[in-house]
file protein00.cif (mmCIF, C-alpha atoms and all ligand atoms)
data_data
loop_
_atom_site.group_PDB
_atom_site.id
_atom_site.type_symbol
_atom_site.label_atom_id
_atom_site.label_comp_id
_atom_site.auth_asym_id
_atom_site.auth_seq_id
_atom_site.Cartn_x
_atom_site.Cartn_y
_atom_site.Cartn_z
ATOM 1 C CA MET C 155 -129.665 -115.672 -122.871
ATOM 2 C CA LYS C 156 -127.471 -118.692 -123.478
ATOM 3 C CA ILE C 157 -124.174 -117.921 -125.184
ATOM 4 C CA ALA C 158 -121.715 -120.477 -126.594
ATOM 5 C CA THR C 159 -118.171 -119.324 -127.358
ATOM 6 C CA TYR C 160 -115.550 -121.104 -129.455
ATOM 7 C CA GLN C 161 -111.992 -120.272 -128.366
ATOM 8 C CA MET C 162 -110.437 -121.801 -131.456
ATOM 9 C CA ASP C 163 -107.028 -122.259 -132.979
ATOM 10 C CA ILE C 164 -107.057 -120.945 -136.541
ATOM 11 C CA ILE C 165 -105.427 -122.611 -139.530
ATOM 12 C CA ALA C 166 -103.515 -119.791 -141.235
ATOM 13 C CA GLY C 167 -104.730 -118.841 -144.712
ATOM 14 C CA LYS C 168 -107.187 -121.753 -145.025
ATOM 15 C CA PRO C 169 -110.785 -120.434 -144.889
ATOM 16 C CA ALA C 170 -112.395 -123.728 -146.011
ATOM 17 C CA GLU C 171 -110.602 -125.698 -143.282
ATOM 18 C CA ASN C 172 -111.594 -123.171 -140.649
ATOM 19 C CA ARG C 173 -115.233 -123.275 -141.782
ATOM 20 C CA LYS C 174 -115.104 -127.061 -141.387
ATOM 21 C CA LYS C 175 -113.744 -126.641 -137.838
ATOM 22 C CA VAL C 176 -116.606 -124.273 -137.017
ATOM 23 C CA LEU C 177 -119.152 -126.635 -138.543
ATOM 24 C CA ASP C 178 -117.863 -129.538 -136.425
ATOM 25 C CA TRP C 179 -117.897 -127.312 -133.332
ATOM 26 C CA VAL C 180 -121.493 -126.231 -133.945
ATOM 27 C CA ASP C 181 -122.589 -129.850 -134.428
ATOM 28 C CA GLN C 182 -120.917 -130.770 -131.153
ATOM 29 C CA VAL C 183 -122.375 -127.841 -129.179
ATOM 30 C CA LEU C 184 -125.880 -128.365 -130.511
ATOM 31 C CA LYS C 185 -125.808 -132.041 -129.582
ATOM 32 C CA GLU C 186 -125.558 -131.017 -125.933
ATOM 33 C CA GLN C 187 -127.536 -127.782 -125.690
ATOM 34 C CA GLN C 188 -129.476 -125.102 -127.540
ATOM 35 C CA PRO C 189 -127.597 -121.782 -127.247
ATOM 36 C CA ASP C 190 -129.210 -118.496 -128.300
ATOM 37 C CA VAL C 191 -125.944 -117.017 -129.546
ATOM 38 C CA LEU C 192 -122.737 -118.504 -131.025
ATOM 39 C CA VAL C 193 -119.494 -116.497 -130.817
ATOM 40 C CA LEU C 194 -116.306 -116.830 -132.917
ATOM 41 C CA PRO C 195 -112.936 -115.003 -132.700
ATOM 42 C CA GLU C 196 -111.320 -112.274 -134.826
ATOM 43 C CA MET C 197 -110.179 -113.175 -138.393
ATOM 44 C CA TRP C 198 -111.183 -116.777 -137.821
ATOM 45 C CA THR C 199 -111.152 -117.748 -141.506
ATOM 46 C CA THR C 200 -107.607 -116.590 -142.281
ATOM 47 C CA ALA C 201 -105.737 -115.673 -139.076
ATOM 48 C CA TYR C 202 -103.277 -112.774 -139.273
ATOM 49 C CA THR C 203 -101.868 -113.697 -142.674
ATOM 50 C CA LEU C 204 -101.611 -109.997 -143.501
ATOM 51 C CA PRO C 205 -99.006 -110.077 -146.312
ATOM 52 C CA ILE C 206 -101.006 -112.690 -148.308
ATOM 53 C CA LEU C 207 -104.483 -111.716 -147.119
ATOM 54 C CA GLU C 208 -105.571 -110.168 -150.413
ATOM 55 C CA LYS C 209 -104.789 -113.383 -152.322
ATOM 56 C CA VAL C 210 -106.414 -115.642 -149.706
ATOM 57 C CA ILE C 211 -109.701 -113.721 -149.578
ATOM 58 C CA ARG C 212 -109.902 -113.267 -153.364
ATOM 59 C CA GLU C 213 -109.691 -117.036 -153.793
ATOM 60 C CA ASP C 214 -112.390 -117.575 -151.177
ATOM 61 C CA GLU C 215 -114.821 -114.927 -152.501
ATOM 62 C CA ALA C 216 -118.203 -114.817 -150.732
ATOM 63 C CA GLU C 217 -118.097 -118.392 -149.355
ATOM 64 C CA THR C 218 -118.056 -117.416 -145.690
ATOM 65 C CA GLU C 219 -121.091 -115.130 -145.876
ATOM 66 C CA THR C 220 -123.179 -117.912 -147.417
ATOM 67 C CA PHE C 221 -121.825 -120.414 -144.882
ATOM 68 C CA LEU C 222 -122.812 -118.192 -141.942
ATOM 69 C CA LYS C 223 -126.296 -117.460 -143.288
ATOM 70 C CA GLU C 224 -127.002 -121.173 -143.730
ATOM 71 C CA LEU C 225 -125.613 -121.998 -140.291
ATOM 72 C CA ALA C 226 -127.801 -119.421 -138.535
ATOM 73 C CA ARG C 227 -130.932 -120.362 -140.497
ATOM 74 C CA LYS C 228 -130.493 -124.124 -140.221
ATOM 75 C CA HIS C 229 -129.954 -124.054 -136.455
ATOM 76 C CA HIS C 230 -132.195 -121.057 -135.741
ATOM 77 C CA VAL C 231 -129.401 -119.396 -133.783
ATOM 78 C CA ASN C 232 -127.974 -115.857 -133.550
ATOM 79 C CA ILE C 233 -124.299 -115.540 -134.492
ATOM 80 C CA ILE C 234 -121.501 -113.123 -133.584
ATOM 81 C CA ALA C 235 -119.343 -114.256 -136.465
ATOM 82 C CA GLY C 236 -116.059 -113.007 -135.034
ATOM 83 C CA SER C 237 -114.502 -111.020 -137.824
ATOM 84 C CA ILE C 238 -113.505 -111.712 -141.387
ATOM 85 C CA ALA C 239 -111.180 -109.887 -143.764
ATOM 86 C CA VAL C 240 -113.259 -108.345 -146.558
ATOM 87 C CA GLU C 241 -112.003 -106.559 -149.654
ATOM 88 C CA GLU C 242 -113.926 -103.519 -150.822
ATOM 89 C CA ALA C 243 -113.104 -100.560 -153.008
ATOM 90 C CA GLY C 244 -110.372 -98.814 -151.085
ATOM 91 C CA GLY C 245 -108.855 -101.784 -149.292
ATOM 92 C CA ILE C 246 -109.331 -104.652 -146.856
ATOM 93 C CA PHE C 247 -111.487 -104.195 -143.779
ATOM 94 C CA ASN C 248 -111.565 -106.349 -140.645
ATOM 95 C CA ARG C 249 -115.321 -106.846 -140.444
ATOM 96 C CA SER C 250 -117.577 -108.401 -137.862
ATOM 97 C CA TYR C 251 -120.807 -109.978 -139.140
ATOM 98 C CA ILE C 252 -123.851 -110.263 -136.905
ATOM 99 C CA LEU C 253 -126.615 -112.654 -137.975
ATOM 100 C CA ASN C 254 -130.038 -113.308 -136.504
ATOM 101 C CA ARG C 255 -131.851 -116.632 -136.239
ATOM 102 C CA LYS C 256 -133.302 -116.213 -139.730
ATOM 103 C CA GLY C 257 -129.821 -116.088 -141.237
ATOM 104 C CA GLU C 258 -130.045 -112.372 -141.984
ATOM 105 C CA ILE C 259 -127.007 -110.147 -141.553
ATOM 106 C CA ILE C 260 -128.445 -107.496 -139.241
ATOM 107 C CA TYR C 261 -125.264 -105.540 -138.580
ATOM 108 C CA THR C 262 -121.652 -105.297 -139.671
ATOM 109 C CA TYR C 263 -118.866 -103.495 -137.870
ATOM 110 C CA ASP C 264 -115.458 -102.649 -139.343
ATOM 111 C CA LYS C 265 -112.659 -102.556 -136.756
ATOM 112 C CA ILE C 266 -111.954 -98.882 -136.237
ATOM 113 C CA HIS C 267 -108.583 -98.961 -134.499
ATOM 114 C CA LEU C 268 -105.707 -100.526 -136.441
ATOM 115 C CA VAL C 269 -102.973 -102.115 -134.344
ATOM 116 C CA PRO C 270 -99.580 -100.383 -134.753
ATOM 117 C CA MET C 271 -97.784 -103.292 -133.023
ATOM 118 C CA LEU C 272 -98.986 -105.630 -135.825
ATOM 119 C CA ASP C 273 -98.402 -103.133 -138.689
ATOM 120 C CA GLU C 274 -102.093 -103.400 -139.549
ATOM 121 C CA HIS C 275 -102.022 -100.004 -141.259
ATOM 122 C CA LEU C 276 -99.808 -101.506 -144.013
ATOM 123 C CA TYR C 277 -102.470 -104.051 -144.994
ATOM 124 C CA LEU C 278 -105.864 -102.995 -143.636
ATOM 125 C CA LYS C 279 -108.177 -99.997 -143.635
ATOM 126 C CA GLY C 280 -109.733 -98.772 -140.413
ATOM 127 C CA GLY C 281 -113.528 -98.654 -140.250
ATOM 128 C CA ASN C 282 -115.225 -95.314 -140.890
ATOM 129 C CA ASN C 283 -118.621 -95.928 -139.348
ATOM 130 C CA ALA C 284 -119.678 -95.164 -135.789
ATOM 131 C CA VAL C 285 -120.422 -98.141 -133.532
ATOM 132 C CA LYS C 286 -124.087 -99.037 -133.226
ATOM 133 C CA VAL C 287 -126.086 -101.453 -131.128
ATOM 134 C CA PHE C 288 -128.049 -104.330 -132.663
ATOM 135 C CA GLU C 289 -130.755 -106.537 -131.190
ATOM 136 C CA PHE C 290 -130.885 -110.254 -130.517
ATOM 137 C CA ASP C 291 -134.323 -111.449 -129.397
ATOM 138 C CA GLY C 292 -135.311 -107.899 -128.398
ATOM 139 C CA ARG C 293 -132.190 -107.141 -126.254
ATOM 140 C CA LYS C 294 -129.605 -104.558 -127.277
ATOM 141 C CA MET C 295 -125.945 -105.516 -127.636
ATOM 142 C CA GLY C 296 -122.734 -104.401 -129.294
ATOM 143 C CA VAL C 297 -119.521 -105.798 -130.725
ATOM 144 C CA ILE C 298 -115.956 -104.501 -130.848
ATOM 145 C CA ILE C 299 -112.781 -106.085 -132.197
ATOM 146 C CA CYS C 300 -109.676 -106.778 -130.113
ATOM 147 C CA TYR C 301 -107.496 -103.598 -129.953
ATOM 148 C CA ASP C 302 -110.776 -101.589 -129.769
ATOM 149 C CA LEU C 303 -110.980 -102.787 -126.152
ATOM 150 C CA ARG C 304 -108.325 -100.193 -125.272
ATOM 151 C CA PHE C 305 -110.642 -97.337 -126.277
ATOM 152 C CA PRO C 306 -113.203 -96.819 -123.507
ATOM 153 C CA GLU C 307 -115.201 -94.335 -125.592
ATOM 154 C CA LEU C 308 -116.389 -97.145 -127.851
ATOM 155 C CA VAL C 309 -117.991 -99.296 -125.168
ATOM 156 C CA ARG C 310 -119.346 -96.177 -123.436
ATOM 157 C CA SER C 311 -121.071 -95.241 -126.695
ATOM 158 C CA LEU C 312 -122.627 -98.724 -126.922
ATOM 159 C CA ALA C 313 -123.776 -98.561 -123.294
ATOM 160 C CA LEU C 314 -125.332 -95.127 -123.862
ATOM 161 C CA GLN C 315 -127.202 -96.616 -126.831
ATOM 162 C CA GLY C 316 -128.650 -99.235 -124.476
ATOM 163 C CA ALA C 317 -126.323 -102.232 -124.898
ATOM 164 C CA GLU C 318 -126.603 -104.823 -122.129
ATOM 165 C CA VAL C 319 -123.934 -107.129 -123.560
ATOM 166 C CA VAL C 320 -120.736 -106.175 -125.380
ATOM 167 C CA PHE C 321 -118.923 -108.890 -127.322
ATOM 168 C CA VAL C 322 -115.165 -108.630 -127.883
ATOM 169 C CA VAL C 323 -113.813 -110.819 -130.677
ATOM 170 C CA ALA C 324 -110.051 -111.061 -130.663
ATOM 171 C CA GLU C 325 -106.631 -112.371 -131.597
ATOM 172 C CA TRP C 326 -104.968 -110.952 -128.482
ATOM 173 C CA PRO C 327 -101.339 -111.994 -127.886
ATOM 174 C CA LEU C 328 -100.171 -113.705 -124.720
ATOM 175 C CA ALA C 329 -97.513 -111.006 -124.223
ATOM 176 C CA ARG C 330 -100.278 -108.613 -123.084
ATOM 177 C CA VAL C 331 -102.680 -111.059 -121.433
ATOM 178 C CA LYS C 332 -102.870 -108.997 -118.212
ATOM 179 C CA HIS C 333 -104.179 -106.004 -120.181
ATOM 180 C CA TRP C 334 -106.712 -108.263 -121.901
ATOM 181 C CA GLU C 335 -108.185 -109.540 -118.654
ATOM 182 C CA ILE C 336 -108.159 -106.255 -116.735
ATOM 183 C CA LEU C 337 -109.553 -104.164 -119.582
ATOM 184 C CA GLN C 338 -112.526 -106.508 -119.946
ATOM 185 C CA GLN C 339 -113.311 -106.129 -116.268
ATOM 186 C CA ALA C 340 -112.878 -102.360 -116.473
ATOM 187 C CA ARG C 341 -115.221 -102.020 -119.479
ATOM 188 C CA ALA C 342 -117.812 -104.218 -117.732
ATOM 189 C CA ILE C 343 -117.705 -102.313 -114.434
ATOM 190 C CA GLU C 344 -117.551 -98.773 -115.804
ATOM 191 C CA ASN C 345 -120.399 -99.408 -118.268
ATOM 192 C CA GLN C 346 -122.389 -101.894 -116.181
ATOM 193 C CA VAL C 347 -122.686 -104.338 -119.063
ATOM 194 C CA PHE C 348 -121.851 -108.004 -119.568
ATOM 195 C CA VAL C 349 -118.610 -108.399 -121.500
ATOM 196 C CA VAL C 350 -118.313 -111.656 -123.450
ATOM 197 C CA SER C 351 -115.032 -112.245 -125.242
ATOM 198 C CA CYS C 352 -113.791 -114.801 -127.733
ATOM 199 C CA ASN C 353 -110.043 -114.919 -128.283
ATOM 200 C CA ARG C 354 -108.026 -117.406 -130.324
ATOM 201 C CA VAL C 355 -105.373 -119.793 -129.073
ATOM 202 C CA GLY C 356 -102.282 -121.125 -130.830
ATOM 203 C CA THR C 357 -99.349 -119.409 -132.509
ATOM 204 C CA HIS C 358 -98.929 -117.555 -135.781
ATOM 205 C CA ASP C 359 -95.669 -116.137 -137.135
ATOM 206 C CA GLY C 360 -94.021 -116.506 -133.755
ATOM 207 C CA VAL C 361 -96.855 -114.721 -131.898
ATOM 208 C CA LYS C 362 -98.490 -116.807 -129.174
ATOM 209 C CA PHE C 363 -102.118 -115.935 -128.500
ATOM 210 C CA ALA C 364 -103.648 -115.556 -125.065
ATOM 211 C CA GLY C 365 -106.890 -117.538 -125.116
ATOM 212 C CA ARG C 366 -108.493 -116.550 -121.824
ATOM 213 C CA SER C 367 -111.878 -115.864 -123.423
ATOM 214 C CA MET C 368 -114.092 -114.534 -120.670
ATOM 215 C CA VAL C 369 -117.523 -113.594 -119.456
ATOM 216 C CA VAL C 370 -117.574 -110.679 -117.016
ATOM 217 C CA THR C 371 -120.747 -109.523 -115.271
ATOM 218 C CA PRO C 372 -121.810 -105.859 -114.980
ATOM 219 C CA TRP C 373 -120.568 -106.124 -111.382
ATOM 220 C CA GLY C 374 -117.084 -107.031 -112.633
ATOM 221 C CA GLU C 375 -117.144 -110.663 -111.607
ATOM 222 C CA THR C 376 -115.581 -113.180 -113.952
ATOM 223 C CA LEU C 377 -118.209 -115.855 -114.617
ATOM 224 C CA THR C 378 -115.984 -117.874 -116.928
ATOM 225 C CA LYS C 379 -112.363 -117.698 -117.999
ATOM 226 C CA ALA C 380 -111.069 -120.180 -120.582
ATOM 227 C CA SER C 381 -107.577 -121.640 -120.551
ATOM 228 C CA GLN C 382 -104.525 -119.981 -122.045
ATOM 229 C CA VAL C 383 -103.462 -122.661 -124.501
ATOM 230 C CA GLU C 384 -106.294 -125.031 -125.302
ATOM 231 C CA GLU C 385 -109.148 -124.833 -127.746
ATOM 232 C CA GLU C 386 -112.191 -124.549 -125.540
ATOM 233 C CA THR C 387 -115.930 -124.082 -125.659
ATOM 234 C CA PHE C 388 -117.978 -122.565 -122.927
ATOM 235 C CA THR C 389 -121.653 -121.906 -122.603
ATOM 236 C CA VAL C 390 -123.053 -119.409 -120.119
ATOM 237 C CA ASP C 391 -126.588 -118.426 -119.359
ATOM 238 C CA LEU C 392 -126.757 -114.655 -118.766
ATOM 239 C CA ASN C 393 -129.500 -113.047 -116.728
ATOM 240 C CA LEU C 394 -129.684 -109.736 -118.597
ATOM 241 C CA ASN C 395 -131.992 -108.247 -115.947
ATOM 242 C CA GLU C 396 -128.859 -107.956 -113.779
ATOM 243 C CA VAL C 397 -127.903 -104.897 -115.839
ATOM 244 C CA THR C 398 -130.954 -102.918 -114.682
ATOM 245 C CA ARG C 399 -130.535 -104.092 -111.096
ATOM 246 C CA ILE C 400 -126.885 -103.036 -110.908
ATOM 247 C CA ARG C 401 -127.547 -99.708 -112.623
ATOM 248 C CA LYS C 402 -130.123 -98.988 -109.890
ATOM 249 C CA GLU C 403 -127.730 -99.998 -107.118
ATOM 250 C CA VAL C 404 -124.844 -97.838 -108.431
ATOM 251 C CA PRO C 405 -126.485 -95.239 -110.701
ATOM 252 C CA VAL C 406 -123.396 -94.212 -112.665
ATOM 253 C CA PHE C 407 -125.329 -93.149 -115.740
ATOM 254 C CA ALA C 408 -127.531 -90.782 -113.745
ATOM 255 C CA SER C 409 -124.397 -89.231 -112.158
ATOM 256 C CA ARG C 410 -122.628 -88.400 -115.437
ATOM 257 C CA VAL C 411 -121.844 -84.720 -116.181
ATOM 258 C CA PRO C 412 -120.870 -84.908 -119.879
ATOM 259 C CA LYS C 413 -120.759 -81.129 -120.375
ATOM 260 C CA LEU C 414 -117.607 -81.107 -118.211
ATOM 261 C CA TYR C 415 -115.826 -83.884 -120.122
ATOM 262 C CA GLY C 416 -114.239 -81.676 -122.820
ATOM 263 C CA ASP C 417 -114.421 -83.149 -126.312
ATOM 264 C CA LEU C 418 -115.428 -86.671 -125.279
HETATM 265 N N1 LIG C 501 -105.639 -108.186 -132.890
HETATM 266 C C1 LIG C 501 -105.513 -107.147 -132.110
HETATM 267 O O1 LIG C 501 -106.239 -106.188 -132.213
HETATM 268 C C2 LIG C 501 -104.405 -107.218 -131.090
HETATM 269 C C3 LIG C 501 -104.458 -106.117 -130.060
HETATM 270 C C4 LIG C 501 -103.262 -106.112 -129.182
HETATM 271 O O2 LIG C 501 -102.300 -106.822 -129.400
HETATM 272 C C5 LIG C 501 -103.244 -105.198 -128.027
HETATM 273 O O3 LIG C 501 -104.145 -104.360 -127.905
HETATM 274 O O4 LIG C 501 -102.321 -105.314 -127.209
#

call {"tool": "encode", "arguments": {"input": "protein00.cif", "output": "structure tokens", "more": "lines below"}}
Ligand SMILES: NC(=O)CCC(=O)C(=O)O
result
Amino acid sequence: MKIATYQMDIIAGKPAENRKKVLDWVDQVLKEQQPDVLVLPEMWTTAYTLPILEKVIREDEAETETFLKELARKHHVNIIAGSIAVEEAGGIFNRSYILNRKGEIIYTYDKIHLVPMLDEHLYLKGGNNAVKVFEFDGRKMGVIICYDLRFPELVRSLALQGAEVVFVVAEWPLARVKHWEILQQARAIENQVFVVSCNRVGTHDGVKFAGRSMVVTPWGETLTKASQVEEETFTVDLNLNEVTRIRKEVPVFASRVPKLYGDL
């Protein structure tokens, strides 16, 4: 499965300009290769413009959903559409959209864990639905958003549901880049899944973002690690059969004793 990731800088509060950036990126990528999956970062239409988010997304309405559907259908490609701020009764959710090659939204995930360090609870609502796997071309995968990476239960749940790849879409700050890299390796090794991340670069409101989008194998090896400061694209071809091979070699799932894990 060929996966193309766009580690982009995001223009704050300008959804139309960010859609144009993504369009140009897709044109460029597709000139050179035919990926099966495209991946974008967290809040890629608006960035973390939390205090004015409501106004920005109201003005933009449903433009991004239509844009993504057309993109997937036109290029016959699956999309992990990072995440987008969406207003619904009750507040604004940080929502990841997953589209198949026909341009159908096959899954959405609302970021469950709000980030105290960014005061997210003042502006956003945490998701209320359990994480679920979805399928691209018959293979099971999952998606989580940024701070969710710190909660091992989430990726374990996806792995137990059969996920072979877990995508992490993010706006992870440079101040905690070590955590970002190590946690991706940990989630990959402990769950024997591929972890594919897409972080942003650039600065917003004085916060510098880490970049360092990665692909980690179920053995914990880093296949690709993007730069810290530059916009970057990488394409990797994953051999998903590695998951089964590694789970046979180190049969962690067969060794689990959940009845002794308390409330987990
Ligand atoms: N956007 C985020 O979720 C940032 C998470 C973060 O800063 C951290 O976990 O550290």

call {"tool": "closest_atom_pairs", "arguments": {"input": "protein00.cif", "of": "stretch 158-267 of chain C", "to": "stretch 386-394 of chain C", "cutoff": "8 Å", "atoms": "all atoms listed in the file", "output": "JSON lines"}}
result
{"residue": "C:Ala158", "atom": "CA", "partner": "C:Thr389", "partner_atom": "CA", "distance": 4.2}
{"residue": "C:Thr159", "atom": "CA", "partner": "C:Phe388", "partner_atom": "CA", "distance": 5.5}
{"residue": "C:Tyr160", "atom": "CA", "partner": "C:Thr387", "partner_atom": "CA", "distance": 4.8}
{"residue": "C:Gln161", "atom": "CA", "partner": "C:Glu386", "partner_atom": "CA", "distance": 5.1}
{"residue": "C:Met162", "atom": "CA", "partner": "C:Glu386", "partner_atom": "CA", "distance": 6.8}
{"residue": "C:Pro189", "atom": "CA", "partner": "C:Thr389", "partner_atom": "CA", "distance": 7.5}

call {"tool": "resolve_selection", "arguments": {"input": "protein00.cif", "expression": "the PyMOL selection byres (((chain C and resi 266) around 12) and not hetatm)", "output": "MDAnalysis selection string"}}
result
chainID C and resid 247:250 263:265 267:269 274:275 278:285 297:305 308

call {"tool": "resolve_selection", "arguments": {"input": "protein00.cif", "expression": "the PyMOL selection byres (((chain C and resi 211-223) around 8) and not hetatm)", "output": "list in words"}}
result
Pro169, Arg173, Leu207, Glu208, Lys209, Val210, Glu224, Leu225, Ala226, Arg227, Ala235, Ala239, Val240, Glu241, Leu253, Lys256, Gly257, Glu258 and Ile259 of chain C

call {"tool": "closest_residue", "arguments": {"input": "protein00.cif", "among": "C:Asn395, C:Arg401, C:Ala364, C:Thr262", "to": "C:Ala313", "atoms": "only C-alpha atoms"}}
result
C:Arg401

call {"tool": "axis_aligned_box", "arguments": {"input": "protein00.cif", "around": "ligand LIG 501 (chain C)", "padding_each_side": "3 Å", "output": "AutoDock Vina command-line options"}}
result
--center_x -104.3 --center_y -106.3 --center_z -130.0 --size_x 9.9 --size_y 9.8 --size_z 11.7

call {"tool": "resolve_selection", "arguments": {"input": "protein00.cif", "expression": "the PyMOL selection byres (((chain C and resi 344-354) around 7) and not hetatm)", "output": "ChimeraX atom specification"}}
result
/C:159-163,193-195,310,313,318-326,338,340-343,355-356,363,365-373,397,401

call {"tool": "atom_distance", "arguments": {"input": "protein00.cif", "atom1": "atom CA of C:Leu312", "atom2": "atom CA of C:Gly296"}}
result
6.2 Å

call {"tool": "residues_near_point", "arguments": {"input": "protein00.cif", "point": "(-133.3, -108.8, -134.7)", "cutoff": "9 Å", "atoms": "all atoms listed in the file", "output": "PDB file with C-alpha atoms, keeping the file's coordinate frame"}}
result
ATOM      1  CA  ASN C 232    -127.974-115.857-133.550  1.00  0.00           C
ATOM      2  CA  LEU C 253    -126.615-112.654-137.975  1.00  0.00           C
ATOM      3  CA  ASN C 254    -130.038-113.308-136.504  1.00  0.00           C
ATOM      4  CA  ARG C 255    -131.851-116.632-136.239  1.00  0.00           C
ATOM      5  CA  LYS C 256    -133.302-116.213-139.730  1.00  0.00           C
ATOM      6  CA  GLU C 258    -130.045-112.372-141.984  1.00  0.00           C
ATOM      7  CA  ILE C 260    -128.445-107.496-139.241  1.00  0.00           C
ATOM      8  CA  PHE C 288    -128.049-104.330-132.663  1.00  0.00           C
ATOM      9  CA  GLU C 289    -130.755-106.537-131.190  1.00  0.00           C
ATOM     10  CA  PHE C 290    -130.885-110.254-130.517  1.00  0.00           C
ATOM     11  CA  ASP C 291    -134.323-111.449-129.397  1.00  0.00           C
ATOM     12  CA  GLY C 292    -135.311-107.899-128.398  1.00  0.00           C
ATOM     13  CA  ARG C 293    -132.190-107.141-126.254  1.00  0.00           C
TER      14      ARG C 293
END
